[in-house]
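Listing of start28.cif, mmCIF, C-alpha atoms and all ligand atoms
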data_work
loop_
_atom_site.label_atom_id
_atom_site.label_comp_id
_atom_site.auth_asym_id
_atom_site.auth_seq_id
_atom_site.Cartn_x
_atom_site.Cartn_y
_atom_site.Cartn_z
CA MET H 264 -7.61 -2.59 -25.32
CA ILE H 265 -7.86 -1.55 -21.67
CA ASP H 266 -6.88 2.06 -20.87
CA VAL H 267 -4.46 2.44 -17.96
CA CYS H 268 -2.79 5.69 -16.80
CA LEU H 269 0.93 5.25 -16.32
CA ILE H 270 2.08 7.89 -13.84
CA THR H 271 5.83 7.84 -14.24
CA GLY H 272 6.68 9.75 -11.03
CA ASP H 273 10.13 11.16 -10.26
CA GLY H 274 13.44 9.98 -8.77
CA ILE H 275 13.74 6.28 -9.71
CA GLY H 276 10.09 6.37 -10.89
CA PRO H 277 10.55 6.79 -14.68
CA GLU H 278 13.12 3.94 -14.86
CA ILE H 279 11.04 1.36 -13.00
CA ALA H 280 7.83 2.52 -14.75
CA GLU H 281 9.37 1.86 -18.18
CA VAL H 282 10.60 -1.60 -17.19
CA THR H 283 7.24 -2.49 -15.60
CA LYS H 284 5.32 -1.34 -18.69
CA ASN H 285 7.54 -3.52 -20.92
CA CYS H 286 7.08 -6.56 -18.65
CA ILE H 287 3.29 -6.14 -18.61
CA ASP H 288 3.18 -5.75 -22.40
CA ALA H 289 5.25 -8.94 -22.73
CA THR H 290 2.50 -10.93 -20.94
CA GLY H 291 0.30 -10.28 -23.99
CA ALA H 292 -2.13 -8.10 -22.00
CA LYS H 293 -3.73 -5.56 -24.34
CA ILE H 294 -3.12 -2.35 -22.41
CA ASN H 295 -3.38 1.12 -23.92
CA TRP H 296 -0.96 3.13 -21.75
CA VAL H 297 -2.07 6.73 -21.19
CA MET H 298 1.08 8.53 -20.09
CA ALA H 299 0.62 10.94 -17.16
CA GLU H 300 3.07 13.03 -15.16
CA ALA H 301 3.28 13.89 -11.47
CA GLY H 302 6.07 14.79 -9.06
CA VAL H 303 8.97 17.17 -8.62
CA ASP H 304 10.19 16.99 -12.26
CA VAL H 305 6.91 18.30 -13.68
CA MET H 306 6.70 20.78 -10.78
CA ALA H 307 10.05 22.30 -11.81
CA ARG H 308 8.61 22.93 -15.31
CA GLU H 309 4.98 23.78 -14.59
CA GLY H 310 4.85 24.95 -10.95
CA THR H 311 2.57 22.14 -9.80
CA PRO H 312 3.46 18.54 -8.90
CA LEU H 313 0.04 17.30 -10.02
CA PRO H 314 -1.07 18.92 -13.33
CA ASP H 315 -4.82 19.08 -14.04
CA ARG H 316 -4.37 16.81 -17.07
CA THR H 317 -3.08 14.02 -14.78
CA VAL H 318 -6.05 14.44 -12.43
CA GLU H 319 -8.40 14.45 -15.43
CA ALA H 320 -6.77 11.33 -16.91
CA MET H 321 -7.16 9.46 -13.60
CA ARG H 322 -10.80 10.62 -13.32
CA ARG H 323 -11.51 9.47 -16.84
CA PHE H 324 -9.60 6.18 -17.07
CA LYS H 325 -9.95 5.19 -13.38
CA VAL H 326 -7.10 2.66 -13.30
CA GLY H 327 -3.50 3.77 -12.80
CA LEU H 328 -0.09 2.23 -12.39
CA LYS H 329 1.96 4.75 -10.46
CA ALA H 330 5.70 4.96 -9.92
CA PRO H 331 6.88 6.66 -6.71
CA ILE H 332 6.63 10.41 -6.26
CA THR H 333 8.73 12.58 -3.95
CA THR H 334 6.70 14.55 -1.44
CA PRO H 335 8.07 18.11 -1.90
CA VAL H 336 9.14 19.46 1.49
CA GLY H 337 8.23 23.04 2.47
CA THR H 338 6.24 23.89 -0.67
CA GLY H 339 2.78 23.83 0.82
CA PHE H 340 1.86 20.66 -1.13
CA ARG H 341 0.58 17.80 0.99
CA SER H 342 1.43 14.40 -0.41
CA ILE H 343 0.36 13.96 -4.05
CA ASN H 344 -0.18 10.30 -3.23
CA VAL H 345 -2.74 11.21 -0.57
CA HIS H 346 -4.38 13.67 -2.99
CA LEU H 347 -4.80 11.00 -5.69
CA ARG H 348 -6.24 8.52 -3.17
CA GLN H 349 -8.77 11.08 -1.98
CA LEU H 350 -9.69 12.08 -5.52
CA LEU H 351 -11.00 8.59 -6.32
CA ASP H 352 -11.96 7.67 -2.74
CA LEU H 353 -9.52 4.76 -2.78
CA TYR H 354 -10.45 3.47 0.66
CA VAL H 355 -8.51 0.20 0.49
CA CYS H 356 -4.76 -0.14 0.69
CA LEU H 357 -3.96 -3.72 -0.26
CA ARG H 358 -0.50 -5.03 0.58
CA PRO H 359 0.27 -8.68 -0.13
CA CYS H 360 3.48 -9.84 1.60
CA LYS H 361 4.79 -13.06 0.14
CA SER H 362 8.14 -14.86 0.41
CA TYR H 363 10.01 -15.33 -2.85
CA LYS H 364 12.80 -17.90 -2.90
CA GLY H 365 16.10 -16.08 -3.35
CA VAL H 366 15.16 -12.93 -1.41
CA ARG H 367 17.22 -12.59 1.78
CA SER H 368 14.93 -12.86 4.82
CA LYS H 369 14.80 -14.47 8.24
CA TYR H 370 11.56 -16.18 7.17
CA SER H 371 10.44 -18.36 4.29
CA ASP H 372 6.85 -19.32 3.36
CA ILE H 373 5.21 -16.04 4.39
CA ASP H 374 1.95 -15.42 2.58
CA LEU H 375 0.02 -12.60 4.24
CA VAL H 376 -2.33 -9.98 2.83
CA LEU H 377 -2.80 -6.70 4.68
CA VAL H 378 -5.98 -4.74 4.01
CA ARG H 379 -5.52 -1.24 5.41
CA GLU H 380 -8.29 1.36 5.69
CA ASN H 381 -7.10 4.38 3.74
CA THR H 382 -9.35 7.35 4.59
CA GLU H 383 -10.08 7.62 8.33
CA ASP H 384 -8.29 7.35 11.68
CA LEU H 385 -5.44 9.63 12.74
CA TYR H 386 -4.58 9.95 9.01
CA ALA H 387 -7.75 11.92 8.25
CA GLY H 388 -5.56 15.04 8.51
CA ILE H 389 -7.69 16.79 11.15
CA GLU H 390 -5.10 18.44 13.34
CA PHE H 391 -4.94 21.42 15.67
CA GLU H 392 -1.62 23.19 16.24
CA ARG H 393 -0.66 24.01 19.82
CA ASN H 394 -1.41 27.53 21.10
CA LYS H 395 -3.67 28.47 18.12
CA SER H 396 -6.93 30.12 19.21
CA GLU H 397 -9.10 27.32 17.74
CA THR H 398 -6.96 24.73 19.54
CA THR H 399 -7.38 26.54 22.86
CA GLU H 400 -11.11 26.78 22.20
CA LEU H 401 -11.28 23.03 21.49
CA ILE H 402 -9.24 22.16 24.60
CA ASN H 403 -11.46 24.38 26.79
CA TRP H 404 -14.54 22.64 25.39
CA LEU H 405 -13.05 19.17 25.91
CA ASN H 406 -11.91 20.01 29.44
CA ALA H 407 -15.43 21.24 30.28
CA HIS H 408 -17.02 18.02 28.92
CA SER H 409 -14.55 15.38 30.09
CA LYS H 410 -13.37 14.15 33.47
CA LYS H 411 -9.85 13.93 32.05
CA GLN H 412 -8.00 17.21 31.48
CA ILE H 413 -5.80 18.14 28.52
CA THR H 414 -2.77 20.34 29.16
CA PRO H 415 -3.66 23.77 27.64
CA ASN H 416 -0.65 24.07 25.30
CA SER H 417 -1.08 20.60 23.73
CA GLY H 418 -1.34 19.87 20.01
CA ILE H 419 -4.31 17.70 19.00
CA SER H 420 -4.83 15.12 16.23
CA ILE H 421 -8.31 13.69 15.74
CA LYS H 422 -9.05 9.98 15.20
CA PRO H 423 -12.41 9.52 13.43
CA ILE H 424 -13.63 5.92 12.90
CA SER H 425 -17.11 5.52 11.40
CA PRO H 426 -19.32 2.43 11.18
CA GLU H 427 -19.70 2.97 7.40
CA GLY H 428 -15.94 3.34 6.85
CA THR H 429 -15.26 0.25 8.94
CA ALA H 430 -17.98 -1.89 7.37
CA ARG H 431 -16.80 -1.25 3.80
CA ILE H 432 -13.14 -2.10 4.50
CA VAL H 433 -13.96 -5.23 6.54
CA ARG H 434 -16.38 -6.32 3.83
CA PHE H 435 -13.64 -5.78 1.21
CA ALA H 436 -11.30 -8.02 3.27
CA PHE H 437 -13.88 -10.82 3.40
CA GLU H 438 -14.76 -10.49 -0.30
CA TYR H 439 -11.06 -10.59 -1.17
CA ALA H 440 -10.53 -13.65 1.04
CA ARG H 441 -13.44 -15.41 -0.64
CA LYS H 442 -12.34 -14.52 -4.16
CA MET H 443 -8.73 -15.55 -3.59
CA GLY H 444 -9.60 -18.78 -1.75
CA ARG H 445 -8.18 -17.67 1.59
CA ARG H 446 -9.27 -19.17 4.89
CA LYS H 447 -9.24 -16.48 7.58
CA VAL H 448 -9.65 -12.74 8.28
CA THR H 449 -8.08 -11.19 11.39
CA SER H 450 -9.30 -7.74 12.50
CA VAL H 451 -6.73 -5.67 14.40
CA HIS H 452 -7.56 -2.98 16.99
CA LYS H 453 -6.87 -1.53 20.42
CA ALA H 454 -10.48 -1.71 21.59
CA ASN H 455 -9.50 -2.28 25.21
CA ILE H 456 -8.16 1.29 25.40
CA MET H 457 -10.02 3.28 22.69
CA LYS H 458 -13.55 2.08 23.27
CA TYR H 459 -15.42 4.53 21.05
CA THR H 460 -13.15 4.29 17.99
CA ASP H 461 -11.37 0.92 18.01
CA GLY H 462 -14.27 -0.50 20.05
CA LEU H 463 -16.62 0.53 17.25
CA TRP H 464 -14.22 -0.94 14.67
CA LEU H 465 -14.29 -4.28 16.51
CA GLU H 466 -18.07 -4.28 16.93
CA VAL H 467 -18.61 -3.58 13.20
CA SER H 468 -15.94 -6.16 12.23
CA ARG H 469 -17.83 -8.80 14.20
CA GLN H 470 -21.15 -7.82 12.59
CA VAL H 471 -19.75 -8.01 9.05
CA ALA H 472 -18.03 -11.34 9.85
CA LYS H 473 -21.47 -12.88 10.47
CA GLU H 474 -22.25 -12.39 6.74
CA TYR H 475 -19.26 -14.62 5.78
CA THR H 476 -19.69 -17.91 7.60
CA ASP H 477 -17.44 -19.67 5.06
CA ILE H 478 -14.40 -17.64 6.20
CA GLU H 479 -12.90 -17.92 9.68
CA PHE H 480 -12.81 -14.68 11.70
CA GLU H 481 -10.82 -13.58 14.73
CA ASP H 482 -9.58 -10.33 16.26
CA ARG H 483 -6.24 -9.32 17.77
CA ILE H 484 -5.06 -6.38 19.83
CA VAL H 485 -2.45 -4.51 17.78
CA ASP H 486 0.51 -4.87 20.16
CA ASN H 487 -0.07 -8.61 20.52
CA MET H 488 -0.46 -8.82 16.73
CA CYS H 489 3.02 -7.34 16.21
CA MET H 490 4.57 -9.97 18.47
CA GLN H 491 2.57 -12.80 16.91
CA LEU H 492 3.56 -11.76 13.38
CA VAL H 493 7.23 -11.88 14.33
CA GLN H 494 6.93 -15.19 16.20
CA LYS H 495 4.22 -17.12 14.33
CA PRO H 496 3.41 -15.41 11.00
CA GLU H 497 2.13 -18.72 9.59
CA LEU H 498 -0.96 -18.45 11.81
CA TYR H 499 -2.26 -15.45 9.83
CA ASP H 500 -3.79 -14.97 6.40
CA VAL H 501 -5.81 -11.82 5.53
CA ILE H 502 -5.41 -9.04 8.11
CA VAL H 503 -7.71 -5.99 8.15
CA LEU H 504 -6.59 -2.86 10.00
CA PRO H 505 -7.46 0.80 10.62
CA ASN H 506 -5.22 3.30 8.85
CA LEU H 507 -2.40 3.90 11.38
CA TYR H 508 -1.92 0.28 12.50
CA GLY H 509 -2.12 -0.70 8.82
CA ASP H 510 0.69 1.68 7.97
CA ILE H 511 2.97 0.34 10.68
CA LEU H 512 2.19 -3.35 10.22
CA SER H 513 2.61 -3.07 6.42
CA ASP H 514 6.25 -2.19 6.96
CA LEU H 515 6.62 -4.90 9.57
CA CYS H 516 5.27 -7.47 7.10
CA ALA H 517 7.41 -6.08 4.25
CA GLY H 518 10.35 -6.71 6.60
CA LEU H 519 9.26 -10.34 7.06
CA VAL H 520 9.55 -11.00 3.32
CA GLY H 521 12.84 -9.20 2.69
CA GLY H 522 12.02 -5.51 2.52
CA LEU H 523 10.81 -2.75 0.25
CA GLY H 524 12.34 -4.09 -2.97
CA VAL H 525 9.66 -6.81 -3.18
CA ALA H 526 6.65 -5.11 -1.53
CA PRO H 527 3.82 -4.29 -3.98
CA GLY H 528 0.64 -2.37 -3.19
CA ALA H 529 -2.73 -1.27 -4.50
CA ASN H 530 -5.13 1.51 -3.54
CA ILE H 531 -8.64 0.47 -4.47
CA GLY H 532 -12.08 2.10 -4.33
CA GLU H 533 -15.51 1.70 -5.92
CA LYS H 534 -14.57 4.17 -8.69
CA GLY H 535 -11.08 3.00 -9.59
CA ALA H 536 -7.66 1.86 -8.42
CA ILE H 537 -4.02 2.91 -8.37
CA PHE H 538 -1.29 0.30 -8.19
CA GLU H 539 2.06 1.27 -6.71
CA ALA H 540 5.12 -0.08 -4.91
CA THR H 541 5.41 0.46 -1.16
CA HIS H 542 8.83 2.09 -1.53
CA GLY H 543 9.46 5.75 -2.36
CA SER H 544 11.35 7.60 -5.08
CA ALA H 545 14.87 6.87 -3.67
CA PRO H 546 16.24 10.13 -5.22
CA LYS H 547 19.88 9.21 -4.56
CA TYR H 548 19.60 6.38 -7.13
CA ALA H 549 17.69 8.37 -9.79
CA GLY H 550 18.92 7.91 -13.37
CA GLN H 551 21.47 5.22 -12.47
CA ASN H 552 19.67 2.13 -13.84
CA LYS H 553 20.45 0.48 -10.50
CA VAL H 554 17.35 -0.16 -8.39
CA ASN H 555 15.10 -3.18 -8.17
CA PRO H 556 11.97 -2.91 -10.35
CA VAL H 557 10.22 -5.91 -8.74
CA ALA H 558 7.94 -4.08 -6.27
CA LEU H 559 6.36 -2.08 -9.11
CA ILE H 560 6.22 -5.13 -11.41
CA LEU H 561 4.41 -7.10 -8.68
CA SER H 562 2.05 -4.11 -8.28
CA GLY H 563 1.45 -4.60 -12.02
CA VAL H 564 0.59 -8.26 -11.28
CA LEU H 565 -2.04 -7.03 -8.79
CA MET H 566 -3.35 -4.69 -11.48
CA LEU H 567 -3.64 -7.47 -14.07
CA ARG H 568 -5.65 -9.56 -11.56
CA TYR H 569 -7.88 -6.53 -10.80
CA LEU H 570 -8.52 -6.15 -14.54
CA GLY H 571 -9.49 -9.82 -14.73
CA LEU H 572 -6.32 -10.78 -16.67
CA VAL H 573 -5.51 -13.67 -14.35
CA ALA H 574 -3.44 -15.82 -16.77
CA GLU H 575 -1.28 -12.79 -17.67
CA ALA H 576 -0.84 -11.97 -13.96
CA GLU H 577 0.26 -15.51 -13.16
CA LYS H 578 2.64 -15.60 -16.11
CA LEU H 579 4.36 -12.40 -14.97
CA GLU H 580 4.54 -13.40 -11.30
CA LYS H 581 6.03 -16.78 -12.23
CA ALA H 582 8.69 -15.10 -14.41
CA VAL H 583 9.61 -12.64 -11.62
CA SER H 584 9.77 -15.43 -9.08
CA SER H 585 11.99 -17.57 -11.25
CA VAL H 586 14.45 -14.74 -12.08
CA ILE H 587 14.76 -13.96 -8.34
CA ALA H 588 15.18 -17.65 -7.44
CA GLU H 589 18.00 -18.08 -10.00
CA GLY H 590 19.70 -15.03 -8.48
CA LYS H 591 21.77 -14.26 -11.61
CA ASP H 592 20.06 -11.40 -13.47
CA VAL H 593 19.08 -9.47 -10.36
CA THR H 594 19.82 -5.99 -9.01
CA TYR H 595 22.40 -5.34 -6.26
CA ASP H 596 19.89 -5.50 -3.39
CA LEU H 597 18.96 -9.10 -4.26
CA LYS H 598 22.56 -10.31 -4.28
CA ASP H 599 24.06 -11.83 -1.08
CA ASP H 600 26.73 -9.14 -1.20
CA ARG H 601 25.33 -5.72 -2.14
CA ASN H 602 28.68 -4.87 -3.82
CA ASP H 603 28.58 -8.00 -6.00
CA PRO H 604 29.89 -6.82 -9.42
CA THR H 605 27.64 -9.36 -11.23
CA ALA H 606 24.49 -7.43 -10.18
CA VAL H 607 22.56 -6.23 -13.24
CA GLY H 608 20.74 -2.93 -13.81
CA THR H 609 17.00 -2.17 -13.64
CA THR H 610 16.55 -2.56 -17.41
CA GLU H 611 18.54 -5.79 -17.61
CA MET H 612 16.53 -7.39 -14.81
CA GLY H 613 13.35 -6.42 -16.70
CA GLN H 614 14.77 -8.02 -19.87
CA ALA H 615 15.53 -11.24 -17.97
CA ILE H 616 11.91 -11.36 -16.74
CA ILE H 617 10.65 -10.84 -20.30
CA ARG H 618 12.95 -13.63 -21.59
CA LYS H 619 11.43 -16.02 -19.01
CA MET H 620 7.93 -15.26 -20.32
CA LYS H 621 8.97 -15.94 -23.91
CA ARG H 622 10.22 -19.47 -23.11
P1 LIG H 701 12.55 5.33 -0.32
O1 LIG H 701 11.71 4.09 -0.28
O2 LIG H 701 12.45 6.17 -1.51
O3 LIG H 701 14.07 4.91 -0.17
C1 LIG H 701 14.69 4.43 1.02
C2 LIG H 701 15.84 3.49 0.64
O4 LIG H 701 15.30 2.23 0.30
C3 LIG H 701 16.62 3.90 -0.59
O5 LIG H 701 17.65 4.80 -0.30
C4 LIG H 701 17.14 2.57 -1.09
O6 LIG H 701 18.30 2.22 -0.35
C5 LIG H 701 16.04 1.63 -0.75
N1 LIG H 701 15.14 1.41 -1.89
C6 LIG H 701 13.92 1.96 -2.11
N2 LIG H 701 13.39 1.49 -3.25
C7 LIG H 701 14.29 0.62 -3.76
C8 LIG H 701 14.31 -0.19 -4.92
N3 LIG H 701 13.30 -0.22 -5.80
N4 LIG H 701 15.41 -0.96 -5.14
C9 LIG H 701 16.43 -0.96 -4.30
N5 LIG H 701 16.48 -0.22 -3.17
C10 LIG H 701 15.41 0.56 -2.90
O7 LIG H 701 12.19 6.14 1.01
P2 LIG H 701 12.55 7.65 1.42
O8 LIG H 701 13.97 7.92 1.10
O9 LIG H 701 12.06 7.77 2.81
O10 LIG H 701 11.61 8.55 0.51
C11 LIG H 701 12.02 9.26 -0.66
C12 LIG H 701 10.83 10.04 -1.19
O11 LIG H 701 9.80 9.13 -1.63
C13 LIG H 701 10.17 10.95 -0.14
O12 LIG H 701 9.85 12.19 -0.74
C14 LIG H 701 8.87 10.22 0.21
O13 LIG H 701 7.86 11.14 0.58
C15 LIG H 701 8.55 9.56 -1.11
N6 LIG H 701 7.68 8.38 -0.98
C16 LIG H 701 6.77 8.19 -1.97
C17 LIG H 701 5.96 7.08 -1.95
C18 LIG H 701 4.97 6.91 -3.08
O14 LIG H 701 5.08 7.53 -4.11
N7 LIG H 701 4.00 6.04 -2.92
C19 LIG H 701 6.06 6.13 -0.93
C20 LIG H 701 7.03 6.34 0.06
C21 LIG H 701 7.85 7.47 0.03
#

Do you think you could lay out the structure here as structure tokens?
Amino acid sequence: MIDVCLITGDGIGPEIAEVTKNCIDATGAKINWVMAEAGVDVMAREGTPLPDRTVEAMRRFKVGLKAPITTPVGTGFRSINVHLRQLLDLYVCLRPCKSYKGVRSKYSDIDLVLVRENTEDLYAGIEFERNKSETTELINWLNAHSKKQITPNSGISIKPISPEGTARIVRFAFEYARKMGRRKVTSVHKANIMKYTDGLWLEVSRQVAKEYTDIEFEDRIVDNMCMQLVQKPELYDVIVLPNLYGDILSDLCAGLVGGLGVAPGANIGEKGAIFEATHGSAPKYAGQNKVNPVALILSGVLMLRYLGLVAEAEKLEKAVSSVIAEGKDVTYDLKDDRNDPTAVGTTEMGQAIIRKMKR
């Protein structure tokens, strides 16, 4: 048996977590689910959205499947998701974006994998509020050491990019490409403007690329990349990006394949991994057995592959793909008309996927 923490989350989280767990069990994978709580529901009872026992379970078992969690507003808690990623140094955010027949989209045949750096860049959380004494001190120092001048009452966010942080994410992208039989890695940047951060990213990307002569390498400036992805997505394969561009382009690519309902994700590090859908906790649908469980189920497919359970992963992905393609036992968002009365609930869609695997 392989131990996996199932973090059930809040909002729509518990419903899609239950369905996903049942689908994974139906593949025959021998998973010992260690149940763990996080989010606003447990916070209401225990005063913290991330109990120590959940942190301990993740530290101990190292692999987690996580349903979405609401980020509590105005409570002093930064995102629990960010906290969990930092806890295990999950420096990779992996987002495959693949077309499934039957999902409404302007494109068909998309098969892209985004590899987003998860720890550095403007997301490092190093920020200075305007008019604070330390901010004024920093601005005075910068103005004394730079030819360019910053307006004294500005707010400042810092963008750190290190050679080590860049090398490990670019290396991950190449290793992934090699393992999954992919042909090309594209590194995205704005090195023409930010020479010492994105310029460094590009320089290190090129160095690492030299170690992988079997995989094609190219780079693209981020604005051009956005246009190219909309016009000619078929030209791209594995795309590696710093944190902020990765965040934005992940949503762009989710849009290419039909949106959040089918966008899985994984956060991976040397010490462990957490698999989760791209979408959030959609609180307005909580408890209604209404939403689409596919993004979390496909995150489960990524988890099975990560655990080396490739046949089980393929079995589950095939079943999901065939239920979507038939278009009968699917949730409202996968119907042509969102008010279609034949749409089924979250549980029923899960049952249809399980039936496919039993045939
Ligand atoms: P959201 O993704 O929760 O929902 C936006 C809309 O997308 C929903 O109203 C719904 O119409 C649709 N949607 C989302 N998931 C769906 C599904 N499975 N099936 C069908 N339709 C679906 O985004 P939001 O409203 O901006 O965020 C709600 C909360 O979730 C916030 O607190 C946010 O911080 C949190 N969040 C958590 C995660 C995470 O846990 N990884 C990720 C993103 C947002």

Could you list, as JSON, numbers by chain, every residue within 9 Å of H:Asn403, counting only C-alpha atoms and ignoring same-chain residues fewer than 4 positions away?
{"H": [398, 399, 407, 408, 413, 415]}

Once you add 6 Å to each side, what are the centre and edge lengths of the axis-aligned box holding all listed atoms of stretch 310-325 of chain H? One decimal in Å, as JSON, if you can.
{"center_x": -3.3, "center_y": 15.1, "center_z": -13.0, "size_x": 28.4, "size_y": 31.8, "size_z": 20.2}

Atom pair atom CA of H:Gly571 + atom CA of H:Ile279, distance 23.4 Å

Env of H:Met488: 9 Å cut, atoms = all atoms listed in the file, seq-sep filter 5 positions within chain, self excluded. Answer as a VMD selection string.
chain H and resid 451 483 493 512

Closest of H:Val336, H:Leu519, H:Val448, H:Ile531 to ligand LIG 701 (chain H) - atom-to-atom distances counting only C-alpha atoms and all ligand atoms
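Closest candidate: H:Val336.
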
Produce as a PyMOL selection string the set of residues near ligand LIG 701 (chain H), where near means within 6 Å with only C-alpha atoms and all ligand atoms considered.
chain H and resi 331-334+344+524+541-545+554-556+596

Which residue is closest to H:Ser584? Choose from H:Gly444, H:Gly518, H:Gly365, H:Pro423 and count all atoms listed in the file.
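Closest candidate: H:Gly365.
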
From the list H:Asn295, H:Ser396, H:Ser562, H:Asn552, the nearest residue to H:Cys356 using all atoms listed in the file is H:Ser562

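Minimum atom-to-atom distance to H:Ile424, evaluated using all atoms listed in the file, belongs to H:Leu507 out of H:Ala517, H:Leu507, H:Leu498, H:Ala558.
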
Given the choices H:Leu357, H:Ala330, H:Ile478, H:Val607, which gets closest to H:Ile343 if the distance is worked out from all atoms listed in the file?
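Closest to H:Ile343, using all atoms listed in the file: H:Ala330.
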
Polymer residues at most 9 Å from H:Leu561, all atoms listed in the file, same-chain spacing of 6 or more positions, as a PyMOL selection string:
chain H and resi 283+525-528+539-540+576+579-580+583

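Considering only C-alpha atoms, the residue among H:Ala299, H:Arg348, H:Asp304, H:Pro604 positioned nearest to H:Glu319 is H:Ala299.
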
Could you give me, as a list in words, the residues within 10 Å of H:Pro496, counting all atoms listed in the file and dropping anything in the same chain fewer than 2 positions from it?
Tyr370, Asp372, Ile373, Asp374, Leu375, Met488, Cys489, Met490, Gln491, Leu492, Val493, Gln494, Leu498, Tyr499, Asp500, Cys516 and Leu519 of chain H

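Between atom CA of H:Val282 and atom CA of H:Asn530 the separation is 21.1 Å.
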
Atom-to-atom span, atom CA of H:Ser468 and atom CA of H:Thr429, Å:
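If I compute the distance from atom CA of H:Ser468 to atom CA of H:Thr429, I get 7.2 Å.
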
Could you name the residues that touch H:Asn285 at 9 Å or less, counting all atoms listed in the file, but leaving out those on the same chain fewer than 5 positions away, as a ChimeraX atom specification?
/H:280,290,613-614,617

Taking (-2.2, -10.4, 4.5) in the coordinates of the supplied file, I want to know which residues reach to within 7 Å of it, counting all atoms listed in the file; could you give the answer as number ranges by chain?
H: 358-360, 374-378, 500-502

Starting from the incomplete input, reconstruct all heavy atoms of stretch 472-477 of chain H and report them as a short mmCIF file (atom, residue, chain, number, x, y, z; two decimals), in the frame of the given file.
data_model
loop_
_atom_site.label_atom_id
_atom_site.label_comp_id
_atom_site.auth_asym_id
_atom_site.auth_seq_id
_atom_site.Cartn_x
_atom_site.Cartn_y
_atom_site.Cartn_z
N ALA H 472 -18.51 -9.95 9.89
CA ALA H 472 -18.03 -11.34 9.85
C ALA H 472 -19.19 -12.33 9.80
O ALA H 472 -19.07 -13.40 9.19
CB ALA H 472 -17.13 -11.62 11.05
N LYS H 473 -20.31 -11.97 10.43
CA LYS H 473 -21.47 -12.88 10.47
C LYS H 473 -22.03 -13.13 9.06
O LYS H 473 -22.70 -14.13 8.84
CB LYS H 473 -22.57 -12.29 11.35
CG LYS H 473 -22.23 -12.38 12.82
CD LYS H 473 -23.42 -11.95 13.66
CE LYS H 473 -22.99 -11.79 15.10
NZ LYS H 473 -23.64 -10.69 15.78
N GLU H 474 -21.75 -12.21 8.12
CA GLU H 474 -22.25 -12.39 6.74
C GLU H 474 -21.37 -13.39 5.96
O GLU H 474 -21.70 -13.77 4.85
CB GLU H 474 -22.21 -11.07 5.97
CG GLU H 474 -23.09 -9.98 6.56
CD GLU H 474 -22.74 -8.61 5.94
OE1 GLU H 474 -22.25 -8.54 4.80
OE2 GLU H 474 -22.96 -7.60 6.65
N TYR H 475 -20.21 -13.77 6.53
CA TYR H 475 -19.26 -14.62 5.78
C TYR H 475 -18.93 -15.86 6.61
O TYR H 475 -17.81 -16.02 7.10
CB TYR H 475 -17.99 -13.82 5.49
CG TYR H 475 -18.23 -12.64 4.59
CD1 TYR H 475 -18.58 -11.40 5.12
CD2 TYR H 475 -18.13 -12.76 3.20
CE1 TYR H 475 -18.83 -10.31 4.29
CE2 TYR H 475 -18.36 -11.67 2.37
CZ TYR H 475 -18.71 -10.46 2.93
OH TYR H 475 -18.95 -9.37 2.10
N THR H 476 -19.89 -16.74 6.73
CA THR H 476 -19.69 -17.91 7.60
C THR H 476 -18.69 -18.91 6.99
O THR H 476 -18.20 -19.79 7.69
CB THR H 476 -21.04 -18.62 7.83
OG1 THR H 476 -21.69 -18.75 6.56
CG2 THR H 476 -21.93 -17.82 8.78
N ASP H 477 -18.40 -18.76 5.69
CA ASP H 477 -17.44 -19.67 5.06
C ASP H 477 -15.99 -19.28 5.34
O ASP H 477 -15.06 -20.02 5.03
CB ASP H 477 -17.67 -19.69 3.53
CG ASP H 477 -17.70 -18.28 2.93
OD1 ASP H 477 -18.20 -17.34 3.60
OD2 ASP H 477 -17.22 -18.10 1.79
#
